[in-house]
>>> print(open('work34.tsv').read())   # TSV, C-alpha atoms and all ligand atoms
chain	number	residue	atom	x	y	z
A	849	MET	CA	91.11	-87.86	-4.89
A	850	GLN	CA	91.03	-84.57	-3.01
A	851	SER	CA	89.70	-84.42	0.50
A	852	GLN	CA	86.61	-82.38	1.19
A	853	THR	CA	88.60	-79.68	2.95
A	854	ASN	CA	90.55	-78.40	-0.05
A	855	LEU	CA	88.11	-78.89	-2.90
A	856	THR	CA	87.29	-75.66	-4.75
A	857	ILE	CA	85.37	-74.84	-7.89
A	858	ASN	CA	86.84	-73.50	-11.14
A	859	ASP	CA	86.20	-69.72	-11.05
A	860	GLN	CA	86.82	-69.06	-14.72
A	861	ARG	CA	84.71	-71.98	-15.90
A	862	LEU	CA	81.77	-70.84	-13.78
A	863	TRP	CA	82.07	-67.31	-15.16
A	864	ASP	CA	82.39	-68.53	-18.76
A	865	THR	CA	79.32	-70.70	-18.27
A	866	LEU	CA	77.34	-67.71	-16.94
A	867	MET	CA	78.37	-65.67	-19.97
A	868	GLU	CA	77.69	-68.55	-22.38
A	869	THR	CA	74.11	-69.14	-21.24
A	870	ALA	CA	73.51	-65.37	-21.10
A	871	LYS	CA	73.52	-65.53	-24.91
A	872	ILE	CA	70.23	-67.46	-24.79
A	873	GLY	CA	67.76	-64.57	-24.73
A	874	ALA	CA	70.45	-61.88	-24.62
A	875	THR	CA	69.19	-58.28	-24.76
A	876	PRO	CA	71.03	-55.35	-26.39
A	877	LYS	CA	71.56	-53.74	-22.96
A	878	GLY	CA	73.47	-56.78	-21.68
A	879	GLY	CA	70.68	-58.53	-19.85
A	880	ILE	CA	68.57	-61.61	-20.53
A	881	LYS	CA	64.92	-61.87	-21.55
A	882	ARG	CA	64.13	-65.53	-21.07
A	883	LEU	CA	60.56	-65.83	-19.93
A	884	THR	CA	59.43	-69.08	-18.42
A	885	VAL	CA	58.33	-71.97	-20.68
A	886	THR	CA	59.11	-70.13	-23.90
A	887	ASP	CA	61.30	-71.50	-26.67
A	888	LEU	CA	64.29	-69.67	-25.14
A	889	ASP	CA	63.58	-71.38	-21.84
A	890	ARG	CA	63.52	-74.70	-23.72
A	891	GLN	CA	66.91	-73.89	-25.24
A	892	VAL	CA	68.58	-73.21	-21.91
A	893	ARG	CA	66.91	-76.29	-20.42
A	894	ASP	CA	68.20	-78.47	-23.28
A	895	TRP	CA	71.66	-76.99	-22.76
A	896	PHE	CA	71.56	-77.61	-19.00
A	897	LYS	CA	70.40	-81.19	-19.50
A	898	ALA	CA	73.16	-81.92	-22.00
A	899	GLN	CA	75.84	-80.46	-19.70
A	900	CYS	CA	74.65	-82.56	-16.76
A	901	GLU	CA	74.42	-85.72	-18.87
A	902	ALA	CA	77.96	-85.15	-20.11
A	903	LEU	CA	79.03	-85.59	-16.47
A	904	GLY	CA	77.20	-88.89	-16.21
A	905	CYS	CA	74.24	-87.40	-14.38
A	906	THR	CA	70.63	-88.40	-14.96
A	907	VAL	CA	68.14	-85.59	-15.56
A	908	THR	CA	64.47	-86.13	-14.74
A	909	VAL	CA	61.57	-83.71	-15.17
A	910	ASP	CA	58.39	-83.57	-13.10
A	911	ASP	CA	54.90	-82.58	-14.23
A	912	MET	CA	55.58	-78.92	-13.35
A	913	GLY	CA	58.69	-78.91	-15.54
A	914	ASN	CA	61.13	-78.84	-12.62
A	915	MET	CA	64.42	-80.43	-13.69
A	916	TYR	CA	66.45	-82.66	-11.35
A	917	ALA	CA	70.04	-83.54	-12.29
A	918	LEU	CA	71.21	-86.46	-10.18
A	919	ARG	CA	74.82	-87.45	-9.57
A	920	PRO	CA	74.89	-90.82	-7.78
A	921	GLY	CA	76.72	-91.22	-4.48
A	922	LYS	CA	78.07	-94.28	-2.68
A	923	ARG	CA	74.72	-94.79	-0.99
A	924	ASN	CA	71.89	-94.27	-3.41
A	925	ASP	CA	69.32	-95.34	-0.83
A	926	LEU	CA	69.83	-91.91	0.75
A	927	PRO	CA	67.79	-88.91	-0.43
A	928	PRO	CA	69.94	-86.48	-2.45
A	929	ILE	CA	71.59	-83.37	-1.05
A	930	ALA	CA	70.31	-80.71	-3.42
A	931	CYS	CA	70.91	-77.17	-4.56
A	932	GLY	CA	69.38	-75.07	-7.28
A	933	SER	CA	67.50	-71.98	-8.36
A	934	HIS	CA	65.90	-70.88	-11.64
A	935	LEU	CA	66.93	-70.31	-15.26
A	936	ASP	CA	63.94	-68.15	-16.21
A	937	THR	CA	64.27	-64.35	-16.08
A	938	GLN	CA	62.21	-61.19	-15.95
A	939	PRO	CA	61.47	-59.45	-19.29
A	940	THR	CA	64.25	-57.02	-18.35
A	941	GLY	CA	66.26	-59.60	-16.45
A	942	GLY	CA	69.95	-59.68	-15.69
A	943	LYS	CA	72.58	-62.40	-16.12
A	944	PHE	CA	72.68	-63.53	-12.49
A	945	ASP	CA	69.25	-63.61	-10.83
A	946	GLY	CA	68.47	-67.31	-10.52
A	947	VAL	CA	70.93	-68.36	-13.20
A	948	LEU	CA	73.86	-68.14	-10.77
A	949	GLY	CA	72.22	-70.65	-8.43
A	950	VAL	CA	71.66	-73.28	-11.13
A	951	LEU	CA	74.99	-72.84	-12.90
A	952	SER	CA	76.88	-72.91	-9.58
A	953	GLY	CA	75.16	-76.22	-8.95
A	954	LEU	CA	76.41	-77.39	-12.35
A	955	GLU	CA	79.89	-76.16	-11.38
A	956	VAL	CA	79.67	-78.21	-8.15
A	957	LEU	CA	78.86	-81.29	-10.25
A	958	ARG	CA	81.71	-80.53	-12.65
A	959	THR	CA	84.17	-80.07	-9.77
A	960	LEU	CA	83.17	-83.40	-8.23
A	961	HIS	CA	83.39	-85.02	-11.65
A	962	ASP	CA	86.87	-83.58	-12.38
A	963	THR	CA	88.29	-84.85	-9.14
A	964	GLY	CA	86.40	-88.15	-9.14
A	965	TYR	CA	85.09	-87.27	-5.71
A	966	GLU	CA	82.55	-89.76	-4.47
A	967	THR	CA	79.93	-88.35	-2.15
A	968	GLU	CA	78.08	-90.53	0.32
A	969	ALA	CA	74.60	-89.33	-0.63
A	970	PRO	CA	73.63	-88.53	-4.22
A	971	PHE	CA	73.98	-84.84	-5.17
A	972	MET	CA	71.28	-83.06	-7.12
A	973	VAL	CA	70.88	-79.76	-8.95
A	974	VAL	CA	67.37	-78.40	-9.48
A	975	ASN	CA	66.04	-75.91	-12.03
A	976	TRP	CA	62.69	-74.66	-10.70
A	977	THR	CA	60.08	-73.65	-13.29
A	978	ASN	CA	58.64	-70.13	-13.36
A	979	GLU	CA	60.29	-68.51	-10.38
A	980	GLU	CA	59.80	-65.05	-11.78
A	981	GLY	CA	56.04	-65.06	-12.23
A	982	SER	CA	56.16	-62.36	-14.89
A	983	ARG	CA	54.55	-64.41	-17.67
A	984	PHE	CA	52.38	-66.51	-15.34
A	985	ALA	CA	51.72	-65.01	-11.88
A	986	PRO	CA	52.27	-65.88	-9.05
A	987	ALA	CA	56.02	-66.10	-8.70
A	988	MET	CA	57.78	-69.23	-7.38
A	989	LEU	CA	55.01	-71.22	-9.02
A	990	ALA	CA	56.57	-74.66	-9.32
A	991	SER	CA	58.37	-74.63	-5.96
A	992	GLY	CA	55.03	-73.55	-4.47
A	993	VAL	CA	53.39	-76.64	-6.01
A	994	TYR	CA	56.37	-78.74	-4.93
A	995	CYS	CA	55.85	-77.89	-1.26
A	996	GLY	CA	52.07	-78.28	-1.48
A	997	THR	CA	51.22	-74.61	-0.93
A	998	LEU	CA	50.01	-73.93	-4.49
A	999	ASP	CA	47.58	-76.11	-6.40
A	1000	LYS	CA	48.77	-77.85	-9.55
A	1001	ASP	CA	45.54	-77.45	-11.49
A	1002	MET	CA	45.47	-73.76	-10.60
A	1003	ALA	CA	48.99	-73.55	-12.00
A	1004	TYR	CA	48.11	-75.38	-15.24
A	1005	ASN	CA	45.16	-73.07	-15.85
A	1006	LEU	CA	47.06	-69.82	-15.42
A	1007	THR	CA	47.12	-67.84	-18.65
A	1008	ASP	CA	49.63	-65.36	-20.02
A	1009	LYS	CA	48.66	-62.09	-21.68
A	1010	ASP	CA	48.01	-63.93	-24.96
A	1011	GLY	CA	45.66	-66.37	-23.27
A	1012	ILE	CA	48.08	-69.30	-23.43
A	1013	ARG	CA	47.69	-71.76	-20.55
A	1014	PHE	CA	50.75	-72.56	-18.46
A	1015	GLY	CA	50.07	-76.30	-18.74
A	1016	ASP	CA	49.86	-76.09	-22.55
A	1017	ALA	CA	53.00	-73.98	-22.84
A	1018	LEU	CA	54.89	-76.46	-20.66
A	1019	ALA	CA	53.80	-79.40	-22.85
A	1020	GLU	CA	54.62	-77.38	-25.98
A	1021	ILE	CA	58.28	-76.97	-25.03
A	1022	GLY	CA	58.48	-80.66	-24.13
A	1023	TYR	CA	59.07	-80.22	-20.42
A	1024	LYS	CA	55.87	-81.54	-18.88
A	1025	GLY	CA	57.30	-84.66	-17.28
A	1026	ASP	CA	55.52	-87.67	-15.84
A	1027	ALA	CA	56.73	-87.64	-12.25
A	1028	PRO	CA	54.34	-85.89	-9.86
A	1029	CYS	CA	55.76	-82.61	-8.61
A	1030	GLY	CA	56.76	-83.04	-4.97
A	1031	ALA	CA	57.68	-86.72	-5.25
A	1032	GLN	CA	61.40	-86.03	-5.59
A	1033	LYS	CA	62.60	-85.55	-2.00
A	1034	PHE	CA	65.93	-84.13	-0.78
A	1035	SER	CA	67.63	-84.40	2.59
A	1036	HIS	CA	68.81	-80.76	2.37
A	1037	PHE	CA	68.44	-77.90	-0.09
A	1038	PHE	CA	70.72	-74.90	-0.66
A	1039	GLU	CA	70.16	-71.93	-2.96
A	1040	LEU	CA	72.88	-69.50	-3.99
A	1041	HIS	CA	71.50	-66.18	-5.22
A	1042	ILE	CA	72.62	-62.60	-5.72
A	1043	GLU	CA	71.46	-60.45	-2.82
A	1044	GLN	CA	69.29	-58.15	-4.98
A	1045	GLY	CA	69.86	-55.49	-2.32
A	1046	PRO	CA	72.66	-53.10	-1.35
A	1047	ILE	CA	73.80	-54.38	2.07
A	1048	LEU	CA	76.68	-56.75	1.24
A	1049	GLU	CA	78.25	-54.33	-1.23
A	1050	ALA	CA	77.91	-51.38	1.17
A	1051	GLU	CA	79.59	-53.35	3.95
A	1052	ASP	CA	82.15	-54.90	1.61
A	1053	LYS	CA	81.20	-58.46	2.53
A	1054	THR	CA	81.65	-61.38	0.14
A	1055	ILE	CA	78.99	-63.73	1.49
A	1056	GLY	CA	75.57	-63.27	3.04
A	1057	VAL	CA	74.67	-66.17	5.33
A	1058	VAL	CA	70.89	-66.04	4.97
A	1059	THR	CA	69.12	-66.87	8.22
A	1060	HIS	CA	65.57	-65.71	7.53
A	1061	GLY	CA	63.21	-64.60	4.85
A	1062	GLN	CA	60.95	-61.68	5.58
A	1063	GLY	CA	57.32	-62.23	6.42
A	1064	GLN	CA	54.86	-59.82	4.83
A	1065	ARG	CA	51.49	-58.34	5.79
A	1066	TRP	CA	49.47	-56.47	3.20
A	1067	TYR	CA	46.52	-54.16	3.96
A	1068	ASP	CA	43.87	-52.20	2.10
A	1069	CYS	CA	43.03	-49.02	3.99
A	1070	HIS	CA	39.90	-46.97	3.55
A	1071	VAL	CA	39.20	-43.64	5.28
A	1072	THR	CA	35.72	-42.16	5.04
A	1073	GLY	CA	35.08	-38.56	6.11
A	1074	ARG	CA	32.80	-36.04	4.49
A	1075	GLU	CA	33.26	-33.95	1.36
A	1076	SER	CA	32.59	-30.30	2.04
A	1077	HIS	CA	33.41	-26.81	0.85
A	1078	ALA	CA	37.03	-25.82	1.37
A	1079	GLY	CA	36.13	-22.19	1.98
A	1080	THR	CA	33.10	-22.37	4.22
A	1081	THR	CA	33.83	-25.34	6.52
A	1082	PRO	CA	35.61	-24.23	9.71
A	1083	MET	CA	38.49	-26.44	10.80
A	1084	PRO	CA	36.79	-27.97	13.89
A	1085	LEU	CA	33.80	-29.09	11.82
A	1086	ARG	CA	35.72	-30.90	9.11
A	1087	LYS	CA	35.84	-34.63	8.51
A	1088	ASP	CA	38.94	-34.59	6.34
A	1089	ALA	CA	39.70	-38.09	5.08
A	1090	LEU	CA	43.07	-37.08	3.65
A	1091	VAL	CA	44.35	-35.55	6.88
A	1092	ALA	CA	43.31	-38.73	8.71
A	1093	ALA	CA	44.97	-40.87	6.01
A	1094	ALA	CA	48.14	-38.80	6.34
A	1095	ARG	CA	48.18	-39.50	10.09
A	1096	VAL	CA	47.72	-43.24	9.46
A	1097	ILE	CA	50.54	-43.19	6.91
A	1098	THR	CA	52.79	-41.43	9.40
A	1099	ALA	CA	51.81	-44.03	11.99
A	1100	ILE	CA	52.78	-46.83	9.55
A	1101	ASN	CA	56.19	-45.23	9.18
A	1102	ASP	CA	56.58	-44.80	12.96
A	1103	ILE	CA	55.54	-48.41	13.63
A	1104	ALA	CA	58.15	-49.68	11.16
A	1105	GLU	CA	60.83	-47.40	12.60
A	1106	ALA	CA	60.05	-48.65	16.10
A	1107	SER	CA	61.23	-52.11	14.99
A	1108	ALA	CA	64.02	-50.92	12.69
A	1109	PRO	CA	66.33	-51.83	11.12
A	1110	LEU	CA	64.69	-55.19	10.33
A	1111	ALA	CA	61.17	-53.85	9.96
A	1112	VAL	CA	60.00	-51.92	6.92
A	1113	GLY	CA	56.63	-50.33	6.22
A	1114	THR	CA	55.41	-48.86	2.96
A	1115	VAL	CA	52.38	-47.11	1.50
A	1116	GLY	CA	52.73	-47.48	-2.25
A	1117	VAL	CA	49.30	-46.50	-3.59
A	1118	LEU	CA	47.05	-43.62	-2.49
A	1119	ASP	CA	43.80	-42.52	-4.06
A	1120	ILE	CA	41.48	-39.59	-3.30
A	1121	ARG	CA	37.98	-40.21	-4.62
A	1122	GLU	CA	36.92	-37.39	-6.97
A	1123	PRO	CA	39.73	-35.04	-5.98
A	1124	SER	CA	39.12	-31.33	-6.36
A	1125	ARG	CA	41.17	-28.31	-5.34
A	1126	ASN	CA	38.41	-26.72	-3.30
A	1127	VAL	CA	36.72	-29.77	-1.78
A	1128	ILE	CA	37.81	-31.34	1.53
A	1129	PRO	CA	38.52	-34.97	0.63
A	1130	GLY	CA	35.75	-37.27	1.82
A	1131	GLU	CA	37.12	-40.64	0.86
A	1132	VAL	CA	40.72	-41.86	0.62
A	1133	THR	CA	42.00	-45.36	-0.04
A	1134	PHE	CA	45.60	-46.54	0.21
A	1135	THR	CA	47.64	-49.72	0.43
A	1136	ALA	CA	50.01	-50.59	3.24
A	1137	GLU	CA	52.53	-53.34	3.84
A	1138	PHE	CA	54.83	-54.39	6.65
A	1139	ARG	CA	57.80	-56.75	6.39
A	1140	HIS	CA	59.88	-58.30	9.14
A	1141	PRO	CA	61.67	-61.67	9.53
A	1142	GLU	CA	59.69	-62.60	12.68
A	1143	ASP	CA	55.97	-63.27	12.73
A	1144	ALA	CA	55.78	-62.24	16.41
A	1145	VAL	CA	57.06	-58.76	15.54
A	1146	LEU	CA	54.64	-58.56	12.61
A	1147	ASP	CA	51.83	-59.40	15.06
A	1148	VAL	CA	52.90	-56.48	17.25
A	1149	MET	CA	53.08	-54.16	14.23
A	1150	ASP	CA	49.68	-55.37	13.07
A	1151	LYS	CA	48.14	-54.58	16.48
A	1152	ALA	CA	49.83	-51.18	16.61
A	1153	LEU	CA	48.40	-50.30	13.20
A	1154	ALA	CA	44.86	-51.29	14.26
A	1155	GLU	CA	45.20	-49.17	17.42
A	1156	ALA	CA	46.57	-46.20	15.51
A	1157	GLY	CA	43.70	-46.46	13.02
A	1158	ALA	CA	41.08	-46.48	15.80
A	1159	LYS	CA	42.70	-43.54	17.60
A	1160	ILE	CA	43.01	-41.44	14.44
A	1161	ALA	CA	39.39	-42.20	13.54
A	1162	ARG	CA	38.26	-40.75	16.90
A	1163	MET	CA	40.62	-37.79	16.68
A	1164	GLU	CA	39.65	-36.83	13.14
A	1165	ASN	CA	36.00	-37.80	13.40
A	1166	VAL	CA	36.18	-40.15	10.40
A	1167	ASP	CA	35.90	-43.91	9.75
A	1168	VAL	CA	39.18	-45.75	9.31
A	1169	GLU	CA	39.05	-49.29	7.97
A	1170	ILE	CA	42.32	-51.25	7.80
A	1171	LYS	CA	41.70	-54.59	6.16
A	1172	PRO	CA	44.42	-57.28	6.10
A	1173	ILE	CA	44.29	-58.77	2.58
A	1174	TRP	CA	47.31	-61.07	2.32
A	1175	HIS	CA	50.15	-62.36	4.41
A	1176	TYR	CA	53.27	-64.41	3.84
A	1177	PRO	CA	54.76	-66.02	6.91
A	1178	ALA	CA	58.34	-65.28	7.89
A	1179	VAL	CA	60.85	-67.92	6.81
A	1180	ASN	CA	63.17	-69.44	9.39
A	1181	PHE	CA	65.84	-71.28	7.46
A	1182	ASP	CA	67.09	-74.56	8.92
A	1183	PRO	CA	69.70	-73.90	11.67
A	1184	ASP	CA	71.87	-76.85	10.54
A	1185	CYS	CA	71.89	-75.69	6.93
A	1186	VAL	CA	72.65	-72.11	8.04
A	1187	ALA	CA	75.49	-73.43	10.22
A	1188	ALA	CA	76.89	-75.43	7.29
A	1189	VAL	CA	76.91	-72.28	5.13
A	1190	ARG	CA	78.55	-70.20	7.88
A	1191	GLN	CA	81.22	-72.87	8.51
A	1192	ALA	CA	81.95	-73.23	4.79
A	1193	THR	CA	82.32	-69.44	4.53
A	1194	GLU	CA	84.70	-69.30	7.47
A	1195	ASP	CA	86.73	-72.25	6.15
A	1196	MET	CA	87.18	-70.42	2.86
A	1197	GLY	CA	88.20	-67.25	4.72
A	1198	TYR	CA	85.54	-65.07	3.11
A	1199	SER	CA	84.15	-61.99	4.84
A	1200	TYR	CA	80.46	-62.37	5.64
A	1201	ARG	CA	77.48	-61.22	7.59
A	1202	GLU	CA	74.17	-62.80	8.49
A	1203	ILE	CA	71.39	-61.43	6.35
A	1204	VAL	CA	67.63	-61.60	5.87
A	1205	SER	CA	66.17	-62.16	2.43
A	1206	GLY	CA	63.86	-59.30	1.55
A	1207	ALA	CA	62.68	-61.02	-1.61
A	1208	GLY	CA	60.88	-64.32	-2.12
A	1209	HIS	CA	62.87	-67.29	-3.44
A	1210	ASP	CA	62.22	-70.93	-4.33
A	1211	ALA	CA	64.20	-71.82	-1.19
A	1212	CYS	CA	61.52	-70.12	0.94
A	1213	TYR	CA	58.96	-72.64	-0.29
A	1214	VAL	CA	61.32	-75.64	-0.28
A	1215	ASN	CA	62.11	-74.82	3.37
A	1216	ARG	CA	58.53	-75.78	4.24
A	1217	VAL	CA	59.23	-79.43	3.46
A	1218	THR	CA	63.04	-79.81	3.51
A	1219	PRO	CA	65.84	-78.40	5.69
A	1220	THR	CA	66.98	-75.45	3.58
A	1221	SER	CA	69.09	-72.32	3.58
A	1222	MET	CA	70.48	-69.72	1.20
A	1223	VAL	CA	73.80	-68.11	0.29
A	1224	PHE	CA	73.88	-64.51	-0.95
A	1225	VAL	CA	76.62	-62.76	-2.90
A	1226	PRO	CA	76.76	-59.00	-3.59
A	1227	CYS	CA	75.41	-57.45	-6.78
A	1228	LYS	CA	76.39	-54.06	-8.09
A	1229	ASP	CA	74.47	-51.19	-6.44
A	1230	GLY	CA	71.96	-53.76	-5.21
A	1231	ILE	CA	70.20	-53.60	-8.58
A	1232	SER	CA	68.26	-56.62	-9.88
A	1233	HIS	CA	65.34	-57.35	-12.21
A	1234	ASN	CA	67.22	-55.01	-14.52
A	1235	GLU	CA	69.39	-55.63	-17.57
A	1236	ILE	CA	72.29	-53.80	-15.94
A	1237	GLU	CA	72.28	-56.25	-13.00
A	1238	ASP	CA	75.92	-57.10	-12.35
A	1239	ALA	CA	78.06	-59.24	-10.09
A	1240	LYS	CA	81.79	-59.85	-9.80
A	1241	MET	CA	83.43	-63.08	-10.94
A	1242	GLU	CA	85.20	-63.44	-7.58
A	1243	HIS	CA	81.91	-63.13	-5.69
A	1244	CYS	CA	80.12	-65.64	-7.92
A	1245	ALA	CA	83.02	-68.05	-7.44
A	1246	ALA	CA	83.01	-67.49	-3.66
A	1247	GLY	CA	79.31	-68.26	-3.53
A	1248	ALA	CA	79.81	-71.46	-5.53
A	1249	ASN	CA	82.64	-72.53	-3.23
A	1250	VAL	CA	80.43	-72.01	-0.18
A	1251	LEU	CA	77.69	-74.02	-1.90
A	1252	LEU	CA	80.12	-76.87	-2.64
A	1253	ARG	CA	81.60	-76.89	0.86
A	1254	ALA	CA	78.24	-76.67	2.63
A	1255	MET	CA	76.89	-79.59	0.59
A	1256	LEU	CA	80.01	-81.66	1.26
A	1257	ALA	CA	79.85	-80.86	4.98
A	1258	VAL	CA	76.28	-82.10	5.14
A	1259	ASP	CA	77.31	-85.16	3.15
A	1260	GLN	CA	80.06	-86.01	5.62
A	1261	ARG	CA	77.48	-86.10	8.39
A	1262	VAL	CA	75.34	-88.74	6.69
A	1263	SER	CA	78.26	-91.14	6.39
A	1301	ZN	ZN	65.72	-65.15	-8.49
>>> encode(input="work34.tsv", output="structure tokens")
Amino acid sequence: MQSQTNLTINDQRLWDTLMETAKIGATPKGGIKRLTVTDLDRQVRDWFKAQCEALGCTVTVDDMGNMYALRPGKRNDLPPIACGSHLDTQPTGGKFDGVLGVLSGLEVLRTLHDTGYETEAPFMVVNWTNEEGSRFAPAMLASGVYCGTLDKDMAYNLTDKDGIRFGDALAEIGYKGDAPCGAQKFSHFFELHIEQGPILEAEDKTIGVVTHGQGQRWYDCHVTGRESHAGTTPMPLRKDALVAAARVITAINDIAEASAPLAVGTVGVLDIREPSRNVIPGEVTFTAEFRHPEDAVLDVMDKALAEAGAKIARMENVDVEIKPIWHYPAVNFDPDCVAAVRQATEDMGYSYREIVSGAGHDACYVNRVTPTSMVFVPCKDGISHNEIEDAKMEHCAAGANVLLRAMLAVDQRVS
């Protein structure tokens, strides 16, 4: 039996497994279209179950279709140490988003199996249902139900574009289990994922030690001025809603830059009511969003935006309404889990940096009820949710090694 310190995964086997499952729902451009709870999803689930069972693991399914592959430890009274991600993809998905996290978990199980390594606590690999949210919105549906944030009946009643209910589709593919979602507890949870952004590649780092997930604030903005003739209305007498909106948009950019580089601010939609070349715009609506990994900073940004709106309204003699419509709290991953990932990375001698997740992940929800953290590996040009999404074999393998070592380090502590 190998000691924990020199155990490593099988790089080629992990890569071959990624390429093998990529055939299930393969697209001509080299990606995967494997929408949640479709027959293709069933196929990859059946495959995953069979592979885990071949290692002597038990696979259970809860009533949201989440799959839990359990490898017993020496002390099965302990809650499992878990990792996982998702096997569903976007309609134009790539071969790595989500899939890497589940198949790396499988590779961890295979490595332990090969070497006959006995962990103290049981180890578990999870496949979360409907992470992508493209067939049934919202995203991260089943992990959201798992942590108690989303309602199960709401989830069952979601319909796809053909009017098919999520609950019915889940039963149809045979993956609506009996166990109540949320009942399966873990002591720790780790998720390996491609970065889906350009930072690691640009800085030539192998591993991203994910410390936070970005919080988000969304706003609907409405500026009301007065439509009037573009030729006859002197400048001082105008109530130009678009000029005021432009100032608010500039303020949004300035507010984000004031807390850069972690803060970002975006206006993605802008609409002038009844636009006309020779009419001063009287009514403009636009969206705004801020993201930052700390809620306290988002509070400051939120206040700055309200103040800027009020000031611009006075200056431009218009009404500015900035309505918060949705927010997602910042995610602080568990310091012990983050430390385990950092230590595992250093032990393996990989280059790394700490990083914030700009996207949502199942781990963000699981973190609400279980000590959790994430491992990122680079993807080519930072491109994801695209069939050309690409990652290097050595980076995938490095991520899986960090996953294995972090889980084993946590396991050593429970003994
Ligand atoms: Zn994903």
>>> atom_distance(input="work34.tsv", atom1="CA of Lys1033 (chain A)", atom2="CA of Val973 (chain A)")
12.3 Å
>>> closest_residue(input="work34.tsv", among="A:Thr937, A:Ser1205, A:Thr884, A:Asn1234", to="ligand ZN 1301 (chain A)", atoms="all atoms listed in the file")
A:Thr937
>>> closest_residue(input="work34.tsv", among="A:Gly946, A:Gly921, A:Thr1114, A:Ser982", to="Ala969 (chain A)", atoms="only C-alpha atoms")
A:Gly921
>>> residues_near_ligand(input="work34.tsv", ligand="ligand ZN 1301 (chain A)", cutoff="12 Å", atoms="all atoms listed in the file", output="PyMOL selection string")
chain A and resi 932-938+941-950+975-982+987-988+1039-1044+1205-1212+1222+1224+1232-1234+1237
>>> atom_distance(input="work34.tsv", atom1="CA of Leu918 (chain A)", atom2="CA of Gln1032 (chain A)")
10.8 Å
